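Peer 1: As input, take final-v1.txt (compact mmCIF, C-alpha atoms):
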# COMPACT_ATOMS: atom_id res chain seq x y z
CA MET A 21 -31.56 -15.86 -0.44
CA ASP A 22 -33.07 -14.28 -3.57
CA GLU A 23 -31.94 -16.38 -6.56
CA GLU A 24 -31.36 -13.23 -8.62
CA LEU A 25 -29.02 -11.99 -5.91
CA ARG A 26 -26.91 -15.15 -6.37
CA ARG A 27 -25.77 -13.74 -9.70
CA TYR A 28 -23.81 -11.12 -7.78
CA ASP A 29 -22.17 -13.35 -5.15
CA ALA A 30 -18.66 -12.34 -6.26
CA ILE A 31 -19.23 -8.61 -5.76
CA ARG A 32 -22.15 -7.94 -3.40
CA PRO A 33 -22.23 -7.12 0.35
CA PHE A 34 -22.99 -9.88 2.83
CA GLU A 35 -26.50 -11.12 3.40
CA PRO A 36 -27.65 -11.73 7.01
CA GLU A 37 -27.04 -15.50 6.94
CA GLU A 38 -23.41 -14.91 5.92
CA LEU A 39 -22.56 -12.62 8.84
CA PRO A 40 -21.67 -15.17 11.56
CA ALA A 41 -18.87 -16.74 9.49
CA ALA A 42 -17.55 -13.30 8.51
CA PHE A 43 -17.57 -12.17 12.16
CA ASP A 44 -15.61 -15.31 13.16
CA ARG A 45 -12.95 -14.67 10.51
CA MET A 46 -12.55 -11.01 11.41
CA LEU A 47 -12.46 -11.46 15.17
CA ALA A 48 -9.78 -14.14 14.79
CA ASP A 49 -7.50 -11.69 12.96
CA PRO A 50 -4.99 -9.80 15.17
CA GLN A 51 -4.94 -6.79 12.80
CA PHE A 52 -8.71 -6.41 12.95
CA ARG A 53 -8.69 -6.68 16.74
CA ALA A 54 -6.06 -3.92 16.84
CA VAL A 55 -8.23 -1.73 14.61
CA LEU A 56 -11.19 -2.32 16.93
CA ALA A 57 -9.12 -1.31 19.95
CA TYR A 58 -8.10 1.92 18.19
CA ALA A 59 -11.60 2.68 16.92
CA LEU A 60 -13.40 2.07 20.21
CA PRO A 61 -10.84 2.55 23.00
CA GLY A 62 -11.67 1.49 26.51
CA VAL A 63 -14.27 -1.10 25.51
CA PRO A 64 -13.29 -4.65 26.61
CA PRO A 65 -12.58 -6.95 23.62
CA GLU A 66 -15.15 -9.47 24.84
CA THR A 67 -17.82 -6.77 24.89
CA LEU A 68 -16.94 -5.66 21.36
CA ALA A 69 -16.97 -9.25 20.07
CA ALA A 70 -20.35 -9.95 21.66
CA GLY A 71 -21.79 -6.73 20.26
CA ILE A 72 -20.51 -7.49 16.76
CA ARG A 73 -21.85 -11.05 16.83
CA GLY A 74 -25.22 -9.68 17.93
CA CYS A 75 -25.66 -7.71 14.68
CA LYS A 76 -28.15 -9.36 12.33
CA THR A 77 -27.71 -7.12 9.26
CA CYS A 78 -25.02 -4.99 7.65
CA LEU A 79 -27.08 -1.87 8.38
CA GLU A 80 -27.22 -2.79 12.07
CA PHE A 81 -23.42 -3.19 12.09
CA GLN A 82 -23.02 0.22 10.44
CA VAL A 83 -25.32 1.94 12.91
CA LYS A 84 -23.99 0.25 16.05
CA PHE A 85 -20.26 0.20 15.28
CA CYS A 86 -19.29 2.27 12.24
CA HIS A 87 -21.39 5.21 13.39
CA LYS A 88 -19.73 5.28 16.82
CA PHE A 89 -16.26 4.87 15.33
CA LEU A 90 -16.82 7.77 12.94
CA GLU A 91 -18.14 10.02 15.70
CA ASN A 92 -15.03 9.27 17.79
CA LEU A 93 -12.79 9.84 14.79
CA LEU A 94 -14.36 13.17 13.87
CA ALA A 95 -13.95 14.41 17.42
CA LYS A 96 -10.19 13.92 17.04
CA ALA A 97 -9.58 14.60 13.34
CA SER A 98 -12.02 17.34 12.32
CA THR A 99 -13.59 20.58 13.50
CA GLY A 100 -17.07 19.80 12.23
CA LEU A 101 -19.10 17.85 9.68
CA ALA A 102 -22.23 19.08 7.89
CA MET A 103 -24.39 18.00 4.96
CA ASP A 104 -26.93 19.91 2.90
CA CYS A 105 -29.45 17.43 1.51
CA ALA A 106 -32.41 19.83 1.35
CA ALA A 107 -32.83 19.18 -2.39
CA LEU A 108 -33.68 15.49 -1.82
CA ASP A 109 -36.77 13.57 -0.74
CA LYS A 110 -35.53 11.44 2.16
CA THR A 111 -37.89 8.61 1.23
CA GLY A 112 -36.24 8.32 -2.19
CA ARG A 113 -33.27 6.15 -3.13
CA TYR A 114 -30.39 7.63 -5.06
CA THR A 115 -27.05 6.95 -6.71
CA PHE A 116 -24.68 9.55 -5.28
CA VAL A 117 -21.98 10.36 -7.85
CA SER A 118 -19.26 12.28 -6.05
CA ASN A 119 -15.81 13.71 -6.27
CA HIS A 120 -13.29 11.50 -4.46
CA ARG A 121 -10.85 12.78 -1.86
CA ASP A 122 -10.40 10.04 0.74
CA ILE A 123 -10.28 6.32 -0.01
CA VAL A 124 -12.33 5.28 3.02
CA LEU A 125 -14.05 8.30 4.51
CA ASP A 126 -15.85 9.79 1.48
CA SER A 127 -18.47 7.04 1.47
CA ALA A 128 -18.31 6.26 5.20
CA LEU A 129 -19.15 9.83 6.20
CA LEU A 130 -21.99 9.90 3.64
CA ALA A 131 -23.47 6.81 5.31
CA LEU A 132 -23.18 8.49 8.72
CA GLN A 133 -24.93 11.61 7.50
CA LEU A 134 -27.71 9.76 5.70
CA ILE A 135 -28.67 8.12 8.99
CA ASP A 136 -28.33 11.35 10.96
CA SER A 137 -30.41 13.21 8.34
CA GLY A 138 -33.31 10.77 8.59
CA PHE A 139 -32.97 8.73 5.39
CA GLY A 140 -33.65 5.43 7.19
CA THR A 141 -30.78 3.62 5.44
CA THR A 142 -27.20 4.24 4.40
CA CYS A 143 -25.73 3.38 1.00
CA GLU A 144 -24.02 0.57 -0.84
CA ILE A 145 -20.47 1.57 -1.75
CA ALA A 146 -18.52 0.90 -4.96
CA ILE A 147 -14.94 -0.03 -3.97
CA GLY A 148 -12.06 -1.18 -6.17
CA ASP A 149 -10.65 -4.65 -5.58
CA ASN A 150 -7.15 -3.14 -5.62
CA LEU A 151 -7.79 -1.88 -2.08
CA LEU A 152 -8.66 -5.28 -0.63
CA ALA A 153 -5.20 -6.17 0.66
CA THR A 154 -6.18 -8.73 3.34
CA GLN A 155 -9.04 -11.09 4.11
CA TRP A 156 -10.27 -9.05 7.09
CA ILE A 157 -10.43 -5.91 4.90
CA LYS A 158 -12.38 -7.87 2.27
CA ASP A 159 -14.81 -9.03 4.95
CA LEU A 160 -15.07 -5.59 6.55
CA VAL A 161 -15.92 -3.74 3.34
CA ARG A 162 -18.59 -6.28 2.41
CA LEU A 163 -19.95 -5.98 5.95
CA ASN A 164 -19.96 -2.21 5.45
CA LYS A 165 -22.32 -2.60 2.45
CA SER A 166 -19.62 -2.35 -0.23
CA PHE A 167 -19.80 -3.99 -3.63
CA ILE A 168 -16.62 -4.77 -5.51
CA VAL A 169 -15.39 -3.04 -8.66
CA GLU A 170 -13.25 -5.67 -10.37
CA ARG A 171 -10.38 -3.53 -11.62
CA SER A 172 -7.95 -6.44 -11.77
CA ALA A 173 -10.03 -8.29 -14.38
CA SER A 174 -8.46 -9.00 -17.76
CA LEU A 175 -9.56 -7.01 -20.79
CA ARG A 176 -11.56 -10.01 -21.93
CA GLU A 177 -13.35 -10.20 -18.59
CA MET A 178 -13.86 -6.45 -18.18
CA LEU A 179 -16.99 -6.17 -20.35
CA ALA A 180 -18.77 -8.94 -18.46
CA SER A 181 -17.61 -7.46 -15.16
CA SER A 182 -18.92 -4.00 -16.08
CA LYS A 183 -22.25 -5.45 -17.19
CA ARG A 184 -22.61 -7.38 -13.93
CA MET A 185 -21.85 -4.28 -11.86
CA ALA A 186 -24.35 -2.18 -13.84
CA ASP A 187 -27.03 -4.83 -13.39
CA TYR A 188 -26.26 -4.96 -9.68
CA MET A 189 -26.55 -1.19 -9.29
CA HIS A 190 -29.98 -1.28 -10.92
CA TYR A 191 -30.88 -4.20 -8.63
CA VAL A 192 -29.85 -2.20 -5.54
CA ILE A 193 -31.99 0.81 -6.48
CA GLY A 194 -34.93 -1.07 -7.96
CA ARG A 195 -35.17 -4.22 -5.85
CA LYS A 196 -33.25 -3.65 -2.61
CA HIS A 197 -34.44 -0.02 -2.36
CA ASP A 198 -31.09 1.15 -1.08
CA ASN A 199 -28.79 4.05 -1.98
CA ILE A 200 -25.46 3.80 -3.82
CA TRP A 201 -22.23 5.80 -3.59
CA ILE A 202 -19.83 5.77 -6.53
CA ALA A 203 -16.91 8.04 -7.36
CA GLN A 204 -17.17 10.12 -10.53
CA ARG A 205 -13.93 8.59 -11.83
CA GLU A 206 -11.69 5.60 -11.22
CA GLY A 207 -9.41 6.52 -8.34
CA ARG A 208 -8.98 9.89 -6.67
CA ALA A 209 -8.26 13.10 -8.59
CA LYS A 210 -4.87 13.66 -6.98
CA ASP A 211 -4.83 17.34 -8.02
CA SER A 212 -8.49 17.88 -6.94
CA ASP A 213 -9.46 18.81 -10.51
CA ASP A 214 -12.68 16.81 -10.30
CA ARG A 215 -13.95 15.55 -13.67
CA THR A 216 -16.47 12.80 -14.33
CA GLN A 217 -15.31 9.98 -16.57
CA PRO A 218 -18.00 9.33 -19.20
CA ALA A 219 -17.00 5.65 -19.02
CA ILE A 220 -18.52 5.49 -15.52
CA LEU A 221 -21.87 6.64 -16.93
CA LYS A 222 -21.54 4.28 -19.88
CA MET A 223 -21.08 1.41 -17.44
CA MET A 224 -24.21 2.43 -15.49
CA ALA A 225 -26.24 2.45 -18.72
CA MET A 226 -25.31 -1.18 -19.38
CA GLY A 227 -27.95 -2.14 -16.79
CA GLY A 228 -31.68 -1.47 -16.67
CA GLU A 229 -34.09 -1.23 -19.59
CA GLY A 230 -34.95 1.24 -22.31
CA THR A 231 -32.82 3.97 -23.86
CA ALA A 232 -29.50 5.04 -22.37
CA VAL A 233 -31.20 8.13 -20.90
CA GLN A 234 -33.93 5.99 -19.33
CA ARG A 235 -31.36 3.59 -17.88
CA LEU A 236 -29.45 6.44 -16.25
CA GLY A 237 -32.72 7.86 -14.96
CA GLN A 238 -33.57 4.56 -13.29
CA LEU A 239 -30.53 5.04 -11.03
CA HIS A 240 -31.71 8.49 -9.83
CA LEU A 241 -28.31 10.20 -10.08
CA VAL A 242 -27.41 12.85 -7.49
CA PRO A 243 -24.18 14.84 -7.91
CA LEU A 244 -22.50 14.99 -4.50
CA SER A 245 -19.81 17.54 -3.59
CA ILE A 246 -17.34 16.63 -0.84
CA SER A 247 -15.20 19.40 0.66
CA TYR A 248 -12.43 18.81 3.20
CA GLU A 249 -10.70 21.88 4.54
CA TYR A 250 -7.43 19.94 4.73
CA ASP A 251 -6.44 16.74 2.96
CA PRO A 252 -4.15 14.72 5.25
CA CYS A 253 -2.92 12.79 2.20
CA ASP A 254 -1.83 15.93 0.31
CA TRP A 255 1.87 15.23 0.94
CA LEU A 256 1.49 11.60 -0.18
CA LYS A 257 -0.22 12.73 -3.37
CA ALA A 258 2.51 15.31 -4.07
CA ARG A 259 5.16 12.64 -3.43
CA GLU A 260 3.40 10.38 -5.93
CA PHE A 261 3.37 13.17 -8.53
CA GLN A 262 7.16 13.50 -8.30
CA LEU A 263 7.72 9.75 -8.38
CA ARG A 264 5.60 9.46 -11.53
CA ARG A 265 7.33 12.48 -13.08
CA ASP A 266 10.79 11.08 -12.43
CA ASN A 267 9.89 7.49 -13.34
CA PRO A 268 6.87 7.16 -15.68
CA GLY A 269 6.81 3.42 -15.00
CA TRP A 270 6.44 3.85 -11.23
CA LYS A 271 3.45 2.02 -9.76
CA LYS A 272 1.85 2.12 -6.33
CA THR A 273 2.01 -0.98 -4.16
CA LYS A 274 -0.65 -2.38 -1.84
CA ALA A 275 1.44 -0.97 1.00
CA ASP A 276 1.10 2.50 -0.57
CA ASP A 277 -2.69 2.10 -0.64
CA VAL A 278 -2.76 0.96 2.99
CA MET A 279 -0.61 3.97 3.97
CA SER A 280 -3.01 6.31 2.15
CA MET A 281 -6.02 4.72 3.84
CA LYS A 282 -4.46 4.97 7.30
CA THR A 283 -3.28 8.57 6.78
CA GLY A 284 -6.64 9.65 5.34
CA ILE A 285 -8.59 8.13 8.23
CA THR A 286 -6.47 9.36 11.12
CA GLY A 287 -5.12 12.66 9.75
CA PHE A 288 -6.58 16.09 10.53
CA LYS A 289 -9.21 17.27 8.06
CA GLY A 290 -10.50 20.50 9.58
CA ARG A 291 -14.04 21.32 8.45
CA ILE A 292 -15.93 18.82 6.27
CA TYR A 293 -18.97 19.57 4.14
CA TYR A 294 -21.22 17.46 1.88
CA HIS A 295 -23.63 19.03 -0.59
CA CYS A 296 -26.31 17.08 -2.47
CA SER A 297 -27.43 18.68 -5.72
CA PRO A 298 -30.96 17.99 -6.98
CA CYS A 299 -31.55 14.56 -8.50
CA LEU A 300 -30.92 14.63 -12.27
CA ASP A 301 -34.09 12.71 -13.23
CA GLY A 302 -35.96 15.77 -14.53
CA TRP A 303 -32.96 17.15 -16.39
CA LEU A 304 -32.24 13.75 -17.99
CA GLY A 305 -35.85 13.61 -19.15
CA SER A 306 -35.38 16.91 -21.00
CA LEU A 307 -32.51 15.59 -23.15
CA ASP A 308 -32.96 14.68 -26.81
CA PRO A 309 -33.73 10.93 -26.81
CA ASP A 310 -32.01 10.60 -30.19
CA MET A 311 -28.73 12.07 -28.95
CA PRO A 312 -25.78 9.80 -29.91
CA LYS A 313 -24.60 7.82 -26.89
CA GLY A 314 -21.10 9.31 -26.93
CA VAL A 315 -22.53 12.83 -26.88
CA LEU A 316 -25.03 11.83 -24.19
CA PHE A 317 -22.42 10.49 -21.78
CA ASP A 318 -20.20 13.54 -22.32
CA THR A 319 -23.18 15.84 -21.73
CA VAL A 320 -24.21 14.09 -18.52
CA ALA A 321 -20.59 14.04 -17.29
CA ARG A 322 -20.30 17.80 -17.78
CA ARG A 323 -23.58 18.37 -15.92
CA VAL A 324 -22.37 16.27 -12.98
CA ASP A 325 -19.11 18.25 -12.99
CA ARG A 326 -20.96 21.56 -12.96
CA ASP A 327 -23.16 20.55 -10.04
CA ILE A 328 -20.23 19.17 -8.05
CA HIS A 329 -18.17 22.32 -8.64
CA LEU A 330 -21.05 24.59 -7.62
CA GLY A 331 -21.63 22.54 -4.49
CA TYR A 332 -18.14 22.89 -3.02
CA ARG A 333 -17.75 24.71 0.25
CA LEU A 334 -14.56 26.75 -0.12
CA TYR A 335 -12.28 27.62 2.79
CA PRO A 336 -9.63 30.35 3.15
CA CYS A 337 -6.92 27.87 2.19
CA ASN A 338 -8.60 27.32 -1.20
CA TYR A 339 -8.61 31.04 -1.96
CA VAL A 340 -5.02 31.52 -0.76
CA ALA A 341 -3.85 28.66 -2.97
CA ALA A 342 -5.86 29.89 -5.97
CA ASP A 343 -4.29 33.33 -5.60
CA MET A 344 -0.82 31.82 -5.48
CA VAL A 345 -1.40 29.45 -8.41
CA ARG A 346 -3.44 31.65 -10.74
CA PHE A 347 -5.02 34.89 -9.56
CA GLY A 348 -2.09 36.84 -8.10
CA GLY A 349 -3.98 38.34 -5.18
CA ALA A 350 -7.34 39.02 -6.85
CA LEU A 351 -9.07 36.88 -4.21
CA SER A 352 -7.43 38.52 -1.20
CA ASP A 353 -10.80 39.75 0.07
CA ARG A 354 -11.70 36.09 0.76
CA TYR A 355 -9.08 35.54 3.49
CA THR A 356 -7.08 37.41 6.10
CA ALA A 357 -3.31 37.76 6.37
CA ALA A 358 -3.43 35.50 9.44
CA GLU A 359 -5.32 32.81 7.49
CA ARG A 360 -2.79 33.04 4.67
CA ASP A 361 0.14 32.69 7.07
CA ALA A 362 -1.49 29.75 8.85
CA PHE A 363 -2.07 27.91 5.57
CA LEU A 364 1.51 28.43 4.40
CA ARG A 365 2.79 27.10 7.73
CA TYR A 366 0.55 24.08 7.22
CA ILE A 367 2.04 23.49 3.75
CA ASP A 368 5.55 23.75 5.21
CA GLY A 369 4.64 21.11 7.78
CA GLN A 370 3.28 18.74 5.13
CA MET A 371 6.35 19.30 2.94
CA ALA A 372 8.56 18.21 5.84
CA LYS A 373 6.92 14.75 5.77
CA ILE A 374 8.08 14.00 2.21
CA ASP A 375 11.17 11.79 2.16
CA LEU A 376 12.58 11.49 -1.36
CA PRO A 377 16.25 11.17 -2.36
CA GLN A 378 15.94 13.81 -5.11
CA ARG A 379 13.28 15.99 -3.54
CA ASP A 380 12.11 18.81 -5.83
CA ASP A 381 10.72 21.29 -3.29
CA ASP A 382 9.40 23.80 -5.83
CA PHE A 383 7.55 21.06 -7.73
CA LEU A 384 6.14 19.44 -4.58
CA ARG A 385 4.96 22.75 -3.15
CA ARG A 386 3.31 23.65 -6.46
CA CYS A 387 1.54 20.28 -6.49
CA MET A 388 0.09 20.80 -3.02
CA LEU A 389 -0.98 24.37 -3.71
CA THR A 390 -2.71 23.20 -6.90
CA MET A 391 -4.69 20.59 -4.94
CA TYR A 392 -6.16 23.35 -2.78
CA ALA A 393 -6.54 25.84 -5.63
CA ASN A 394 -8.50 23.70 -8.10
CA PRO A 395 -11.82 23.59 -6.19
CA ALA A 396 -11.86 27.41 -6.11
CA ILE A 397 -10.80 27.68 -9.76
CA ASN A 398 -13.48 25.21 -10.86
CA GLN A 399 -16.24 26.77 -8.80
CA MET A 400 -15.44 30.22 -10.13
CA ALA A 401 -15.53 28.86 -13.69
CA ALA A 402 -18.93 27.22 -13.02
CA LEU A 403 -20.20 30.56 -11.72
CA GLY A 404 -18.84 32.38 -14.77
CA ASP A 405 -16.37 34.32 -12.63
CA ASN A 406 -13.36 34.68 -14.92
CA ARG A 407 -11.47 37.41 -13.10
Could you quickly redo this structure as structure tokens?
Peer 2:
Amino acid sequence: MDEELRRYDAIRPFEPEELPAAFDRMLADPQFRAVLAYALPGVPPETLAAGIRGCKTCLEFQVKFCHKFLENLLAKASTGLAMDCAALDKTGRYTFVSNHRDIVLDSALLALQLIDSGFGTTCEIAIGDNLLATQWIKDLVRLNKSFIVERSASLREMLASSKRMADYMHYVIGRKHDNIWIAQREGRAKDSDDRTQPAILKMMAMGGEGTAVQRLGQLHLVPLSISYEYDPCDWLKAREFQLRRDNPGWKKTKADDVMSMKTGITGFKGRIYYHCSPCLDGWLGSLDPDMPKGVLFDTVARRVDRDIHLGYRLYPCNYVAADMVRFGGALSDRYTAAERDAFLRYIDGQMAKIDLPQRDDDFLRRCMLTMYANPAINQMAALGDNR
């Protein structure tokens, strides 16, 4: 193994020589075997185990198993998946900075589409250690080319942790010649008001060489817009908004995260669309090299936001919600009465899933409508449409 790679043992994906031991641990776990049976029904367990043990690299595991699982899942839980990556050279390697809707699927579906679009590889995935509830999940994410964001580190350890992650990201692009997926902010934007945290960019610029602009350029940033017609976790997010409103000290548990992951994976998503904006290398090169770092990171964050907002694919439900939240019917030419009625029935169905002792229906409904409205509101603002 590359000695430089040893520096990242605590956070990096598995290397080929580490796979047999990881496979043994996972296949011995009853929960993982149950997940396999759900993901690939009808395949004998012995056949699955032999196939998994036959994989020599993480990429081979993704292509042979994750790809098939995702295809099966999409057949049940969506009405179509598409990606526009026409702005990219498929021989290049990029850091995809995206909005974040689903804990698991955002990056997994990107990996699927990179292969299907002819990129030749998938992507390494930044994932928070707060989601690694069990050993088999820890093994699975590292097998799925994830590297670990150490969110549970102490304040004293955080600087060193951020520096190590930045160095690793530069190593992935520059030495491993692989792609990276990272969310534009820590955690999901529960209200779908997608905004890039400048701190994420500041972390990236802790690695590499040269000025801050040059360091960001070395990662070849690509704003990535992810659009789900329906968010199966919308009711869970609305529930969380009320819990936080009623008890500011309320905190999610690992069980809450597992519930969100399960609901997001198996729930119905309707149409799904990914849009890759042009790589920001040229635009970064046009910036004033003497710009103060704080101004630089804010400027880059706003550019990523703009590109993500412009890249959304909007659905009738987004326009219906935006009309109800802000525009009072000004967008009614974007949907039919039948589409409006269908969306409101959908919201009623999601509301019925929320079990709270002091349920505030008006607040919860407003939260869910806002989640669907914000992509339309933000795209219209990016287009200068201020009706």
Peer 1: Check the smallest atom-to-atom distance from each of A:Tyr332, A:Trp270, A:Tyr250, A:Phe81 to Met391 in chain A using all atoms listed in the file, then report the winner.
Peer 2: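 Nearest candidate to Met391 in chain A out of A:Tyr332, A:Trp270, A:Tyr250, A:Phe81: A:Tyr250.
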Peer 1: Grab the CA of Ile246 in chain A to CA of Leu330 in chain A distance for me, in Å with one decimal place.
Peer 2: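 CA of Ile246 in chain A sits 11.1 Å away from CA of Leu330 in chain A.
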Peer 1: Hey, which of A:Cys78, A:Ile374, A:Met400, A:Cys299 ends up closest to Lys110 in chain A? Count all atoms listed in the file.
Peer 2: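 Among the listed residues, the smallest separation from Lys110 in chain A belongs to A:Cys299.
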Peer 1: Tell me, as a PyMOL selection string, which residues lie within 12 Å of Tyr191 in chain A, counting all atoms listed in the file; anything in the same chain fewer than 5 positions away does not count.
Peer 2: chain A and resi 22+24-28+32+113+115+144+184-186+196-200+224+227-229+238-239
Peer 1: Keeping only C-alpha atoms, take the residues you just selected and write them out as a tab-separated table (two decimals), in the coordinates of the input.
Peer 2:
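Contents of the output file part_9.tsv:
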chain	number	residue	atom	x	y	z
A	22	ASP	CA	-33.07	-14.28	-3.57
A	24	GLU	CA	-31.36	-13.23	-8.62
A	25	LEU	CA	-29.02	-11.99	-5.91
A	26	ARG	CA	-26.91	-15.15	-6.37
A	27	ARG	CA	-25.77	-13.74	-9.70
A	28	TYR	CA	-23.81	-11.12	-7.78
A	32	ARG	CA	-22.15	-7.94	-3.40
A	113	ARG	CA	-33.27	6.15	-3.13
A	115	THR	CA	-27.05	6.95	-6.71
A	144	GLU	CA	-24.02	0.57	-0.84
A	184	ARG	CA	-22.61	-7.38	-13.93
A	185	MET	CA	-21.85	-4.28	-11.86
A	186	ALA	CA	-24.35	-2.18	-13.84
A	196	LYS	CA	-33.25	-3.65	-2.61
A	197	HIS	CA	-34.44	-0.02	-2.36
A	198	ASP	CA	-31.09	1.15	-1.08
A	199	ASN	CA	-28.79	4.05	-1.98
A	200	ILE	CA	-25.46	3.80	-3.82
A	224	MET	CA	-24.21	2.43	-15.49
A	227	GLY	CA	-27.95	-2.14	-16.79
A	228	GLY	CA	-31.68	-1.47	-16.67
A	229	GLU	CA	-34.09	-1.23	-19.59
A	238	GLN	CA	-33.57	4.56	-13.29
A	239	LEU	CA	-30.53	5.04	-11.03
Peer 1: Which of these, A:Gly287, A:Pro395, A:Pro268, A:Gly74, has the shortest distance to Arg333 in chain A once you count only C-alpha atoms?
Peer 2: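 For Arg333 in chain A, the nearest of the given residues is A:Pro395.
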Peer 1: Quick one: everything within 7 Å of range 247-249 of chain A, counting all atoms listed in the file, minus sequence neighbours fewer than 2 positions away in the same chain. Send it as JSON, numbers by chain.
Peer 2: {"A": [245, 251, 289, 290, 291, 292, 293, 294, 332, 333, 335]}
Peer 1: For the residues in that selection, give me C-alpha atoms as a compact mmCIF listing (two decimals), keeping the file's coordinate frame.
Peer 2:
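Written out: out29.txt:
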# COMPACT_ATOMS: atom_id res chain seq x y z
CA SER A 245 -19.81 17.54 -3.59
CA ASP A 251 -6.44 16.74 2.96
CA LYS A 289 -9.21 17.27 8.06
CA GLY A 290 -10.50 20.50 9.58
CA ARG A 291 -14.04 21.32 8.45
CA ILE A 292 -15.93 18.82 6.27
CA TYR A 293 -18.97 19.57 4.14
CA TYR A 294 -21.22 17.46 1.88
CA TYR A 332 -18.14 22.89 -3.02
CA ARG A 333 -17.75 24.71 0.25
CA TYR A 335 -12.28 27.62 2.79
Peer 1: What's the separation between CA of Arg162 in chain A and CA of Arg208 in chain A, in Å to one decimal place?
Peer 2: 20.9 Å
Peer 1: Hey, what's within 12 Å of Arg171 in chain A if we count all atoms listed in the file and toss same-chain stuff fewer than 2 positions away? As a list in words, please?
Peer 2: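 Contacts, in chain order: Ile31, Ala146, Ile147, Gly148, Asp149, Asn150, Leu151, Leu152, Ile168, Val169, Ala173, Ser174, Leu175, Glu177, Met178, Leu179, Ser181, Ser182, Met185, Glu206 and Gly207 of chain A.
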Peer 1: How would the residues just chosen look if you wrote them out with C-alpha atoms as a PDB file, in the coordinates of the input?
Peer 2:
ATOM      1  CA  ILE A  31     -19.230  -8.610  -5.760  1.00  0.00           C
ATOM      2  CA  ALA A 146     -18.520   0.900  -4.960  1.00  0.00           C
ATOM      3  CA  ILE A 147     -14.940  -0.030  -3.970  1.00  0.00           C
ATOM      4  CA  GLY A 148     -12.060  -1.180  -6.170  1.00  0.00           C
ATOM      5  CA  ASP A 149     -10.650  -4.650  -5.580  1.00  0.00           C
ATOM      6  CA  ASN A 150      -7.150  -3.140  -5.620  1.00  0.00           C
ATOM      7  CA  LEU A 151      -7.790  -1.880  -2.080  1.00  0.00           C
ATOM      8  CA  LEU A 152      -8.660  -5.280  -0.630  1.00  0.00           C
ATOM      9  CA  ILE A 168     -16.620  -4.770  -5.510  1.00  0.00           C
ATOM     10  CA  VAL A 169     -15.390  -3.040  -8.660  1.00  0.00           C
ATOM     11  CA  ALA A 173     -10.030  -8.290 -14.380  1.00  0.00           C
ATOM     12  CA  SER A 174      -8.460  -9.000 -17.760  1.00  0.00           C
ATOM     13  CA  LEU A 175      -9.560  -7.010 -20.790  1.00  0.00           C
ATOM     14  CA  GLU A 177     -13.350 -10.200 -18.590  1.00  0.00           C
ATOM     15  CA  MET A 178     -13.860  -6.450 -18.180  1.00  0.00           C
ATOM     16  CA  LEU A 179     -16.990  -6.170 -20.350  1.00  0.00           C
ATOM     17  CA  SER A 181     -17.610  -7.460 -15.160  1.00  0.00           C
ATOM     18  CA  SER A 182     -18.920  -4.000 -16.080  1.00  0.00           C
ATOM     19  CA  MET A 185     -21.850  -4.280 -11.860  1.00  0.00           C
ATOM     20  CA  GLU A 206     -11.690   5.600 -11.220  1.00  0.00           C
ATOM     21  CA  GLY A 207      -9.410   6.520  -8.340  1.00  0.00           C
TER      22      GLY A 207
END
Peer 1: Using only C-alpha atoms, determine which residues lie at most 8 Å from Thr77 in chain A, disregarding the query and same-chain residues fewer than 5 positions distant; provide the list as a count of residues only.
Peer 2: 3
Peer 1: Any idea what the distance is between CA of Asp353 in chain A and CA of Arg365 in chain A?
Peer 2: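 Going from CA of Asp353 in chain A over to CA of Arg365 in chain A covers 20.1 Å.
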